[in-house]
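What follows is work-v3.tsv (TSV, C-alpha atoms).
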```
chain	number	residue	atom	x	y	z
K	296	MET	CA	-18.94	31.04	48.25
K	297	PHE	CA	-18.84	32.20	44.64
K	298	HIS	CA	-15.16	31.30	44.29
K	299	SER	CA	-15.76	27.91	45.92
K	300	ARG	CA	-18.55	27.12	43.43
K	301	LEU	CA	-16.41	28.35	40.54
K	302	HIS	CA	-13.55	26.14	41.67
K	303	SER	CA	-15.86	23.11	41.95
K	304	PHE	CA	-17.29	23.83	38.50
K	305	SER	CA	-13.79	24.08	37.03
K	306	ARG	CA	-12.79	20.77	38.56
K	307	LEU	CA	-15.95	19.16	37.18
K	308	MET	CA	-15.23	20.44	33.68
K	309	ILE	CA	-11.65	19.19	33.84
K	310	SER	CA	-12.86	15.79	35.01
K	311	LEU	CA	-15.42	15.60	32.19
K	312	THR	CA	-12.80	16.63	29.62
K	313	LEU	CA	-10.37	14.00	30.87
K	314	ALA	CA	-13.09	11.36	30.85
K	315	ALA	CA	-14.04	12.25	27.27
K	316	GLY	CA	-10.41	12.09	26.22
K	317	LEU	CA	-9.93	8.68	27.84
K	318	ALA	CA	-13.09	7.41	26.17
K	319	ALA	CA	-11.84	8.61	22.80
K	320	LEU	CA	-8.51	6.87	23.39
K	321	ALA	CA	-10.34	3.69	24.35
K	322	ASP	CA	-12.45	3.85	21.20
K	323	GLY	CA	-9.31	4.37	19.14
K	324	ALA	CA	-7.67	1.39	20.79
K	325	LYS	CA	-10.70	-0.77	20.01
K	326	ALA	CA	-10.48	0.30	16.36
K	327	GLN	CA	-6.91	-0.98	16.15
K	328	ASP	CA	-5.89	-4.60	15.99
K	329	LYS	CA	-4.65	-5.75	19.39
K	330	ARG	CA	-1.37	-6.76	17.72
K	331	GLN	CA	-0.96	-3.24	16.35
K	332	ASN	CA	2.56	-2.68	15.03
K	333	THR	CA	4.04	-5.87	16.49
K	334	PRO	CA	6.59	-7.04	13.90
K	335	GLY	CA	5.66	-10.33	12.23
K	336	GLU	CA	2.14	-10.47	13.66
K	337	PHE	CA	-0.31	-9.88	10.81
K	338	ASP	CA	-2.78	-11.83	8.70
K	339	PHE	CA	-1.77	-11.47	5.05
K	340	TYR	CA	0.12	-9.42	2.48
K	341	VAL	CA	-1.03	-7.01	-0.22
K	342	LEU	CA	1.21	-6.88	-3.27
K	343	SER	CA	0.65	-3.46	-4.82
K	344	LEU	CA	1.53	-3.05	-8.50
K	345	SER	CA	1.57	0.56	-9.63
K	346	TRP	CA	0.85	1.55	-13.24
K	347	SER	CA	4.00	3.61	-13.70
K	348	PRO	CA	2.70	5.93	-16.49
K	349	SER	CA	-0.12	7.13	-14.22
K	350	PHE	CA	2.30	7.73	-11.38
K	351	CYS	CA	4.67	9.69	-13.62
K	352	GLU	CA	1.88	11.91	-14.98
K	353	GLU	CA	0.74	12.69	-11.43
K	354	ALA	CA	4.33	13.38	-10.37
K	355	ALA	CA	4.78	15.77	-13.29
K	356	GLU	CA	1.59	17.62	-12.31
K	357	ARG	CA	2.94	18.04	-8.78
K	358	GLY	CA	6.21	19.34	-10.13
K	359	GLY	CA	8.29	16.40	-8.95
K	360	ARG	CA	9.62	13.43	-10.88
K	361	SER	CA	11.37	10.23	-9.93
K	362	GLN	CA	14.35	10.45	-12.29
K	363	THR	CA	14.84	6.68	-12.37
K	364	GLN	CA	11.23	5.69	-12.85
K	365	CYS	CA	9.94	8.52	-15.03
K	366	SER	CA	12.75	8.94	-17.53
K	367	GLY	CA	14.80	6.59	-19.58
K	368	ARG	CA	13.58	3.01	-19.50
K	369	PRO	CA	9.83	2.65	-20.15
K	370	TYR	CA	8.08	1.04	-17.18
K	371	ALA	CA	4.62	-0.56	-17.12
K	372	PHE	CA	3.54	-2.15	-13.82
K	373	VAL	CA	6.16	-1.71	-11.10
K	374	VAL	CA	6.08	-2.91	-7.51
K	375	HIS	CA	4.85	-0.25	-5.11
K	376	GLY	CA	5.17	-2.53	-2.11
K	377	LEU	CA	4.35	-5.70	-0.21
K	378	TRP	CA	2.26	-4.65	2.75
K	379	PRO	CA	1.48	-6.68	5.89
K	380	GLN	CA	-2.24	-6.38	6.69
K	381	TYR	CA	-4.73	-7.25	9.41
K	382	GLU	CA	-8.21	-8.41	8.50
K	383	SER	CA	-9.14	-4.88	9.53
K	384	GLY	CA	-6.48	-2.21	9.23
K	385	PHE	CA	-2.73	-2.62	8.94
K	386	PRO	CA	0.50	-2.12	10.88
K	387	GLU	CA	3.08	0.49	9.92
K	388	TYR	CA	6.47	1.77	11.09
K	389	CYS	CA	6.86	-1.17	13.46
K	390	GLN	CA	10.44	-0.29	14.45
K	391	ARG	CA	11.55	3.25	15.19
K	392	PRO	CA	14.19	3.95	14.19
K	393	SER	CA	14.05	1.23	11.55
K	394	PRO	CA	17.12	-0.98	11.05
K	395	ARG	CA	19.46	0.55	8.51
K	396	LEU	CA	18.79	-0.75	5.00
K	397	ASN	CA	21.85	-2.06	3.16
K	398	ARG	CA	22.43	-0.10	-0.05
K	399	SER	CA	23.30	-3.28	-1.96
K	400	ILE	CA	19.72	-4.41	-1.36
K	401	VAL	CA	18.42	-1.12	-2.75
K	402	SER	CA	20.51	-1.57	-5.90
K	403	SER	CA	19.33	-5.15	-6.32
K	404	MET	CA	15.65	-4.12	-6.25
K	405	LEU	CA	15.71	-1.30	-8.80
K	406	ASP	CA	14.48	-3.57	-11.59
K	407	LEU	CA	11.18	-4.08	-9.74
K	408	MET	CA	10.98	-0.85	-7.71
K	409	PRO	CA	12.75	1.79	-9.85
K	410	ALA	CA	13.18	4.50	-7.22
K	411	PRO	CA	15.60	4.28	-4.29
K	412	GLY	CA	13.42	6.56	-2.17
K	413	LEU	CA	10.48	4.20	-2.62
K	414	ILE	CA	12.57	1.21	-1.52
K	415	PHE	CA	13.77	2.97	1.65
K	416	ASN	CA	10.23	4.13	2.46
K	417	GLU	CA	8.69	0.69	1.93
K	418	TRP	CA	11.21	-0.86	4.27
K	419	ASP	CA	10.63	1.73	6.99
K	420	LYS	CA	6.84	1.69	6.76
K	421	HIS	CA	5.99	-1.88	5.79
K	422	GLY	CA	9.09	-4.08	5.81
K	423	THR	CA	9.72	-3.50	9.51
K	424	CYS	CA	6.28	-4.96	10.18
K	425	SER	CA	6.97	-8.21	8.31
K	426	GLY	CA	9.12	-9.70	11.05
K	427	LEU	CA	11.75	-10.43	8.39
K	428	ALA	CA	15.29	-9.15	8.09
K	429	ASP	CA	15.75	-6.63	5.29
K	430	ARG	CA	17.22	-9.07	2.77
K	431	SER	CA	14.53	-11.67	3.46
K	432	TYR	CA	11.77	-9.08	3.12
K	433	PHE	CA	12.94	-7.92	-0.29
K	434	GLU	CA	13.48	-11.54	-1.39
K	435	THR	CA	9.84	-12.11	-0.43
K	436	ILE	CA	8.82	-9.12	-2.57
K	437	ARG	CA	10.69	-10.65	-5.50
K	438	LYS	CA	9.00	-14.03	-4.97
K	439	ALA	CA	5.58	-12.40	-4.72
K	440	ARG	CA	6.12	-10.45	-7.92
K	441	ALA	CA	7.42	-13.53	-9.72
K	442	ALA	CA	4.21	-15.34	-8.78
K	443	ILE	CA	2.10	-12.79	-10.69
K	444	LYS	CA	1.80	-12.83	-14.47
K	445	ILE	CA	1.00	-9.44	-16.02
K	446	PRO	CA	-1.67	-9.78	-18.77
K	447	ALA	CA	-0.08	-9.51	-22.21
K	448	GLU	CA	-2.20	-6.51	-23.23
K	449	TYR	CA	-0.54	-4.35	-20.53
K	450	LEU	CA	3.08	-5.25	-21.23
K	451	ASP	CA	3.67	-2.89	-24.13
K	452	LEU	CA	0.88	-0.32	-24.11
K	453	SER	CA	1.88	2.19	-26.78
K	454	GLN	CA	-1.36	4.22	-26.76
K	455	ALA	CA	-3.65	5.42	-24.00
K	456	LYS	CA	-6.29	2.81	-23.22
K	457	THR	CA	-9.72	3.34	-21.65
K	458	VAL	CA	-10.69	0.40	-19.46
K	459	ALA	CA	-13.28	-0.63	-16.91
K	460	PRO	CA	-11.69	-1.59	-13.56
K	461	ALA	CA	-13.59	-4.89	-13.75
K	462	GLU	CA	-11.99	-5.53	-17.14
K	463	VAL	CA	-8.50	-5.16	-15.65
K	464	GLU	CA	-9.44	-7.49	-12.79
K	465	GLU	CA	-10.69	-10.11	-15.20
K	466	ALA	CA	-7.51	-9.86	-17.28
K	467	PHE	CA	-5.39	-10.55	-14.20
K	468	ILE	CA	-7.65	-13.40	-13.12
K	469	LYS	CA	-7.43	-14.97	-16.57
K	470	ALA	CA	-3.64	-14.67	-16.60
K	471	ASN	CA	-3.22	-16.06	-13.05
K	472	PRO	CA	-4.98	-19.38	-12.36
K	473	GLY	CA	-6.34	-19.47	-8.82
K	474	LEU	CA	-6.75	-15.70	-8.53
K	475	SER	CA	-10.35	-14.61	-7.85
K	476	ASN	CA	-12.25	-11.33	-7.77
K	477	ALA	CA	-12.16	-11.51	-3.96
K	478	ALA	CA	-8.34	-11.39	-3.98
K	479	VAL	CA	-7.69	-8.54	-6.41
K	480	SER	CA	-8.59	-4.85	-6.25
K	481	ILE	CA	-8.08	-1.99	-8.71
K	482	THR	CA	-7.46	1.54	-7.45
K	483	CYS	CA	-7.68	4.79	-9.39
K	484	ASN	CA	-7.18	8.52	-9.06
K	485	ARG	CA	-9.56	11.06	-10.59
K	486	THR	CA	-9.44	9.61	-14.09
K	487	GLN	CA	-6.61	7.09	-14.30
K	488	LEU	CA	-5.88	3.57	-13.18
K	489	SER	CA	-3.41	3.73	-10.30
K	490	GLU	CA	-2.72	0.26	-8.95
K	491	VAL	CA	-3.59	-3.41	-9.02
K	492	ARG	CA	-3.55	-4.83	-5.47
K	493	ILE	CA	-3.39	-8.58	-4.98
K	494	CYS	CA	-3.90	-10.25	-1.62
K	495	LEU	CA	-1.57	-13.07	-0.66
K	496	SER	CA	-1.24	-15.31	2.36
K	497	LYS	CA	2.03	-15.31	4.30
K	498	ASP	CA	3.18	-18.18	2.09
K	499	LEU	CA	2.24	-16.11	-0.99
K	500	GLN	CA	-0.92	-17.94	-2.04
K	501	PHE	CA	-3.91	-15.99	-3.35
K	502	ARG	CA	-6.50	-15.25	-0.66
K	503	ALA	CA	-9.64	-13.17	-0.28
K	504	CYS	CA	-9.48	-9.77	1.43
K	505	GLU	CA	-12.80	-8.01	1.93
K	506	GLU	CA	-11.47	-4.72	3.29
K	507	ILE	CA	-9.06	-4.25	0.37
K	508	ASP	CA	-11.85	-5.05	-2.07
K	509	ARG	CA	-14.12	-2.44	-0.47
K	510	ARG	CA	-11.53	0.27	-1.20
K	511	ALA	CA	-11.51	-0.52	-4.92
K	512	CYS	CA	-12.06	2.06	-7.66
K	513	ARG	CA	-15.78	2.69	-8.20
K	514	ARG	CA	-15.49	4.46	-11.54
K	515	ASP	CA	-17.07	2.85	-14.59
K	516	GLN	CA	-14.04	3.63	-16.72
K	517	VAL	CA	-10.47	4.84	-16.20
K	518	THR	CA	-7.57	5.65	-18.50
K	519	MET	CA	-4.24	3.85	-18.66
K	520	PRO	CA	-1.68	6.33	-20.06
K	521	PRO	CA	0.76	4.72	-22.50
K	522	ILE	CA	4.15	3.45	-21.46
K	523	ARG	CA	6.75	6.21	-21.79
K	524	GLY	CA	8.55	5.98	-25.10
K	525	GLY	CA	5.72	3.85	-26.48
```
Structure encoded using structure tokens:
Amino acid sequence: MFHSRLHSFSRLMISLTLAAGLAALADGAKAQDKRQNTPGEFDFYVLSLSWSPSFCEEAAERGGRSQTQCSGRPYAFVVHGLWPQYESGFPEYCQRPSPRLNRSIVSSMLDLMPAPGLIFNEWDKHGTCSGLADRSYFETIRKARAAIKIPAEYLDLSQAKTVAPAEVEEAFIKANPGLSNAAVSITCNRTQLSEVRICLSKDLQFRACEEIDRRACRRDQVTMPPIRGG
């Protein structure tokens, strides 16, 4: 009798554990967009522009440096990526293994994205979700970047500058007619400005993006390290 009850109890616990696991999976599925990771099916892009001096200082602290980006030519804002997004959440790694990226494309993008490893990673993680062939995806990155004018005060920053994130937003809005606060977001690390993220429709027009805006830097002030060699 004791063993029978113990067996029944064990089966009950297993059933409850399985039920809890299935419920958790269901909740996770609800949290994801129903199109999750289907190439070409997304709502808008985020063009992420990284302040290269901040990246290079962080890389040096971690003991690693991107030789192309963090030595030699002085870089200001560089393209981190063009990321397909859902209104809530985002797709990633939509093809595994990802289609092989032609090295001629990598070479052609180094003026905007000065690190081969970054280019390969962006294709694997984000480009495969665009629904575009590799060359078309990177041509779209170039078009998106060409549509954005960098404010003059950040083109040749020779000394460290303390800024309010809102100040950087306003500078980009002023330099880019049609851009609004709802379409641009500033991110930061502990003390430094990290990125300017601009939301674009699939045809590369400015558009609002609430979720991206909610992730913005909440610090009152951040530092922009000077451009290397400045």
**OP:** Figure out the distance between CA of Phe385 (chain K) and CA of Val341 (chain K), please, to one decimal in Å.
**Re:**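 We find that CA of Val341 (chain K) and CA of Phe385 (chain K) lie 10.3 Å from each other.
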Original post:
Between K:Ala410, K:Thr518, K:Ile445, K:Gln500, which has the minimum distance to Pro460 (chain K) (counting only C-alpha atoms)?
Top reply: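 Using only C-alpha atoms, Pro460 (chain K) sits closest to K:Thr518.
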Original post:
Could you pull the residues within 12 Å of region 362-374 of chain K, counting all atoms listed in the file, minus those fewer than 5 positions along the same chain, as an NGL selection string?
Top reply: :K and (341-355 or 402 or 404-414 or 417 or 433 or 436-441 or 443-453 or 488-493 or 519-525)
Original post:
What separation in Å, quoted to one decimal, exists between CA of Glu465 (chain K) and CA of Ala478 (chain K)?
Top reply: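 These atoms are spaced 11.5 Å apart.
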Original post:
In Å, with one decimal, what is the gap from CA of Thr423 (chain K) to CA of Ile481 (chain K)?
Top reply: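 Those two atoms sit 25.5 Å apart.
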Subject >> Exercise: Arg514 (chain K) partners within 9 Å, only C-alpha atoms, chain neighbours under 3 positions left out, as a ChimeraX atom specification >> reply: /K:459-460,483,485-486,517
Original post:
Taking all atoms listed in the file into account, which of K:Glu464, K:Gln380, K:Glu387, K:Lys420 comes nearest Ala477 (chain K)?
Top reply: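 Using all atoms listed in the file, Ala477 (chain K) sits closest to K:Glu464.
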Subject >> Counting only C-alpha atoms, the residue of K:Arg330, K:Asp515, K:Ser399, K:Ile507 that sits nearest Glu462 (chain K) >> reply: K:Asp515
Original post:
Which of these, K:Phe337, K:Phe501, K:Phe467, K:Trp378, has the shortest distance to Tyr432 (chain K) once you count only C-alpha atoms?
Top reply: K:Trp378
Subject >> Shell of 12 Å around Arg391 (chain K), all atoms listed in the file, local chain residues under 3 positions omitted, as a PyMOL selection string >> reply: chain K and resi 332-334+387-388+394-395+418-420+423-424
Please return region 435-446 of chain K, rebuilt to all heavy atoms, as an mmCIF file, keeping the file's coordinate frame.
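After the write, rebuild-v5.cif holds the following:
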```cif
data_model
loop_
_atom_site.group_PDB
_atom_site.id
_atom_site.type_symbol
_atom_site.label_atom_id
_atom_site.label_comp_id
_atom_site.auth_asym_id
_atom_site.auth_seq_id
_atom_site.Cartn_x
_atom_site.Cartn_y
_atom_site.Cartn_z
ATOM 1 N N THR K 435 11.262 -11.750 -0.427
ATOM 2 C CA THR K 435 9.840 -12.110 -0.430
ATOM 3 C C THR K 435 9.077 -11.257 -1.444
ATOM 4 O O THR K 435 8.181 -11.752 -2.138
ATOM 5 C CB THR K 435 9.239 -11.947 0.985
ATOM 6 O OG1 THR K 435 9.967 -12.766 1.899
ATOM 7 C CG2 THR K 435 7.770 -12.371 1.007
ATOM 8 N N ILE K 436 9.425 -9.966 -1.539
ATOM 9 C CA ILE K 436 8.820 -9.120 -2.570
ATOM 10 C C ILE K 436 9.099 -9.699 -3.953
ATOM 11 O O ILE K 436 8.199 -9.795 -4.801
ATOM 12 C CB ILE K 436 9.353 -7.671 -2.480
ATOM 13 C CG1 ILE K 436 8.833 -6.976 -1.220
ATOM 14 C CG2 ILE K 436 8.959 -6.878 -3.735
ATOM 15 C CD1 ILE K 436 9.302 -5.545 -1.063
ATOM 16 N N ARG K 437 10.334 -10.113 -4.187
ATOM 17 C CA ARG K 437 10.690 -10.650 -5.500
ATOM 18 C C ARG K 437 9.914 -11.941 -5.789
ATOM 19 O O ARG K 437 9.438 -12.161 -6.904
ATOM 20 C CB ARG K 437 12.206 -10.897 -5.572
ATOM 21 C CG ARG K 437 12.703 -11.239 -6.964
ATOM 22 C CD ARG K 437 14.213 -11.141 -7.044
ATOM 23 N NE ARG K 437 14.688 -9.767 -6.941
ATOM 24 C CZ ARG K 437 14.689 -8.903 -7.952
ATOM 25 N NH1 ARG K 437 14.216 -9.252 -9.146
ATOM 26 N NH2 ARG K 437 15.144 -7.682 -7.778
ATOM 27 N N LYS K 438 9.765 -12.794 -4.788
ATOM 28 C CA LYS K 438 9.000 -14.030 -4.970
ATOM 29 C C LYS K 438 7.535 -13.734 -5.246
ATOM 30 O O LYS K 438 6.905 -14.370 -6.099
ATOM 31 C CB LYS K 438 9.127 -14.908 -3.712
ATOM 32 C CG LYS K 438 10.487 -15.540 -3.522
ATOM 33 C CD LYS K 438 10.528 -16.327 -2.216
ATOM 34 C CE LYS K 438 11.920 -16.881 -1.940
ATOM 35 N NZ LYS K 438 11.990 -17.553 -0.614
ATOM 36 N N ALA K 439 6.979 -12.759 -4.518
ATOM 37 C CA ALA K 439 5.580 -12.400 -4.720
ATOM 38 C C ALA K 439 5.360 -11.854 -6.121
ATOM 39 O O ALA K 439 4.393 -12.227 -6.805
ATOM 40 C CB ALA K 439 5.140 -11.370 -3.669
ATOM 41 N N ARG K 440 6.266 -11.000 -6.565
ATOM 42 C CA ARG K 440 6.120 -10.450 -7.920
ATOM 43 C C ARG K 440 6.276 -11.530 -8.978
ATOM 44 O O ARG K 440 5.556 -11.539 -9.993
ATOM 45 C CB ARG K 440 7.158 -9.336 -8.118
ATOM 46 C CG ARG K 440 7.221 -8.789 -9.537
ATOM 47 C CD ARG K 440 5.885 -8.161 -9.962
ATOM 48 N NE ARG K 440 5.920 -7.760 -11.352
ATOM 49 C CZ ARG K 440 5.660 -8.574 -12.378
ATOM 50 N NH1 ARG K 440 5.348 -9.854 -12.160
ATOM 51 N NH2 ARG K 440 5.703 -8.129 -13.604
ATOM 52 N N ALA K 441 7.191 -12.452 -8.753
ATOM 53 C CA ALA K 441 7.420 -13.530 -9.720
ATOM 54 C C ALA K 441 6.201 -14.454 -9.824
ATOM 55 O O ALA K 441 6.005 -15.107 -10.859
ATOM 56 C CB ALA K 441 8.647 -14.337 -9.315
ATOM 57 N N ALA K 442 5.387 -14.481 -8.776
ATOM 58 C CA ALA K 442 4.210 -15.340 -8.780
ATOM 59 C C ALA K 442 3.048 -14.746 -9.583
ATOM 60 O O ALA K 442 2.057 -15.433 -9.848
ATOM 61 C CB ALA K 442 3.752 -15.604 -7.344
ATOM 62 N N ILE K 443 3.175 -13.477 -9.968
ATOM 63 C CA ILE K 443 2.100 -12.790 -10.690
ATOM 64 C C ILE K 443 2.480 -12.609 -12.154
ATOM 65 O O ILE K 443 3.538 -12.060 -12.457
ATOM 66 C CB ILE K 443 1.805 -11.406 -10.067
ATOM 67 C CG1 ILE K 443 1.505 -11.531 -8.577
ATOM 68 C CG2 ILE K 443 0.653 -10.725 -10.811
ATOM 69 C CD1 ILE K 443 0.312 -12.407 -8.252
ATOM 70 N N LYS K 444 1.586 -13.049 -13.037
ATOM 71 C CA LYS K 444 1.800 -12.830 -14.470
ATOM 72 C C LYS K 444 0.991 -11.609 -14.897
ATOM 73 O O LYS K 444 -0.214 -11.518 -14.649
ATOM 74 C CB LYS K 444 1.342 -14.057 -15.271
ATOM 75 C CG LYS K 444 1.619 -13.920 -16.764
ATOM 76 C CD LYS K 444 1.249 -15.186 -17.507
ATOM 77 C CE LYS K 444 1.543 -15.037 -18.999
ATOM 78 N NZ LYS K 444 1.172 -16.263 -19.761
ATOM 79 N N ILE K 445 1.668 -10.638 -15.511
ATOM 80 C CA ILE K 445 1.000 -9.440 -16.020
ATOM 81 C C ILE K 445 0.302 -9.809 -17.335
ATOM 82 O O ILE K 445 0.928 -10.396 -18.221
ATOM 83 C CB ILE K 445 1.994 -8.295 -16.258
ATOM 84 C CG1 ILE K 445 2.776 -7.986 -14.969
ATOM 85 C CG2 ILE K 445 1.256 -7.051 -16.764
ATOM 86 C CD1 ILE K 445 1.946 -7.511 -13.811
ATOM 87 N N PRO K 446 -0.977 -9.491 -17.502
ATOM 88 C CA PRO K 446 -1.670 -9.780 -18.770
ATOM 89 C C PRO K 446 -0.927 -9.173 -19.956
ATOM 90 O O PRO K 446 -0.407 -8.047 -19.876
ATOM 91 C CB PRO K 446 -3.039 -9.139 -18.566
ATOM 92 C CG PRO K 446 -3.237 -9.125 -17.084
ATOM 93 C CD PRO K 446 -1.875 -8.879 -16.520
#
```
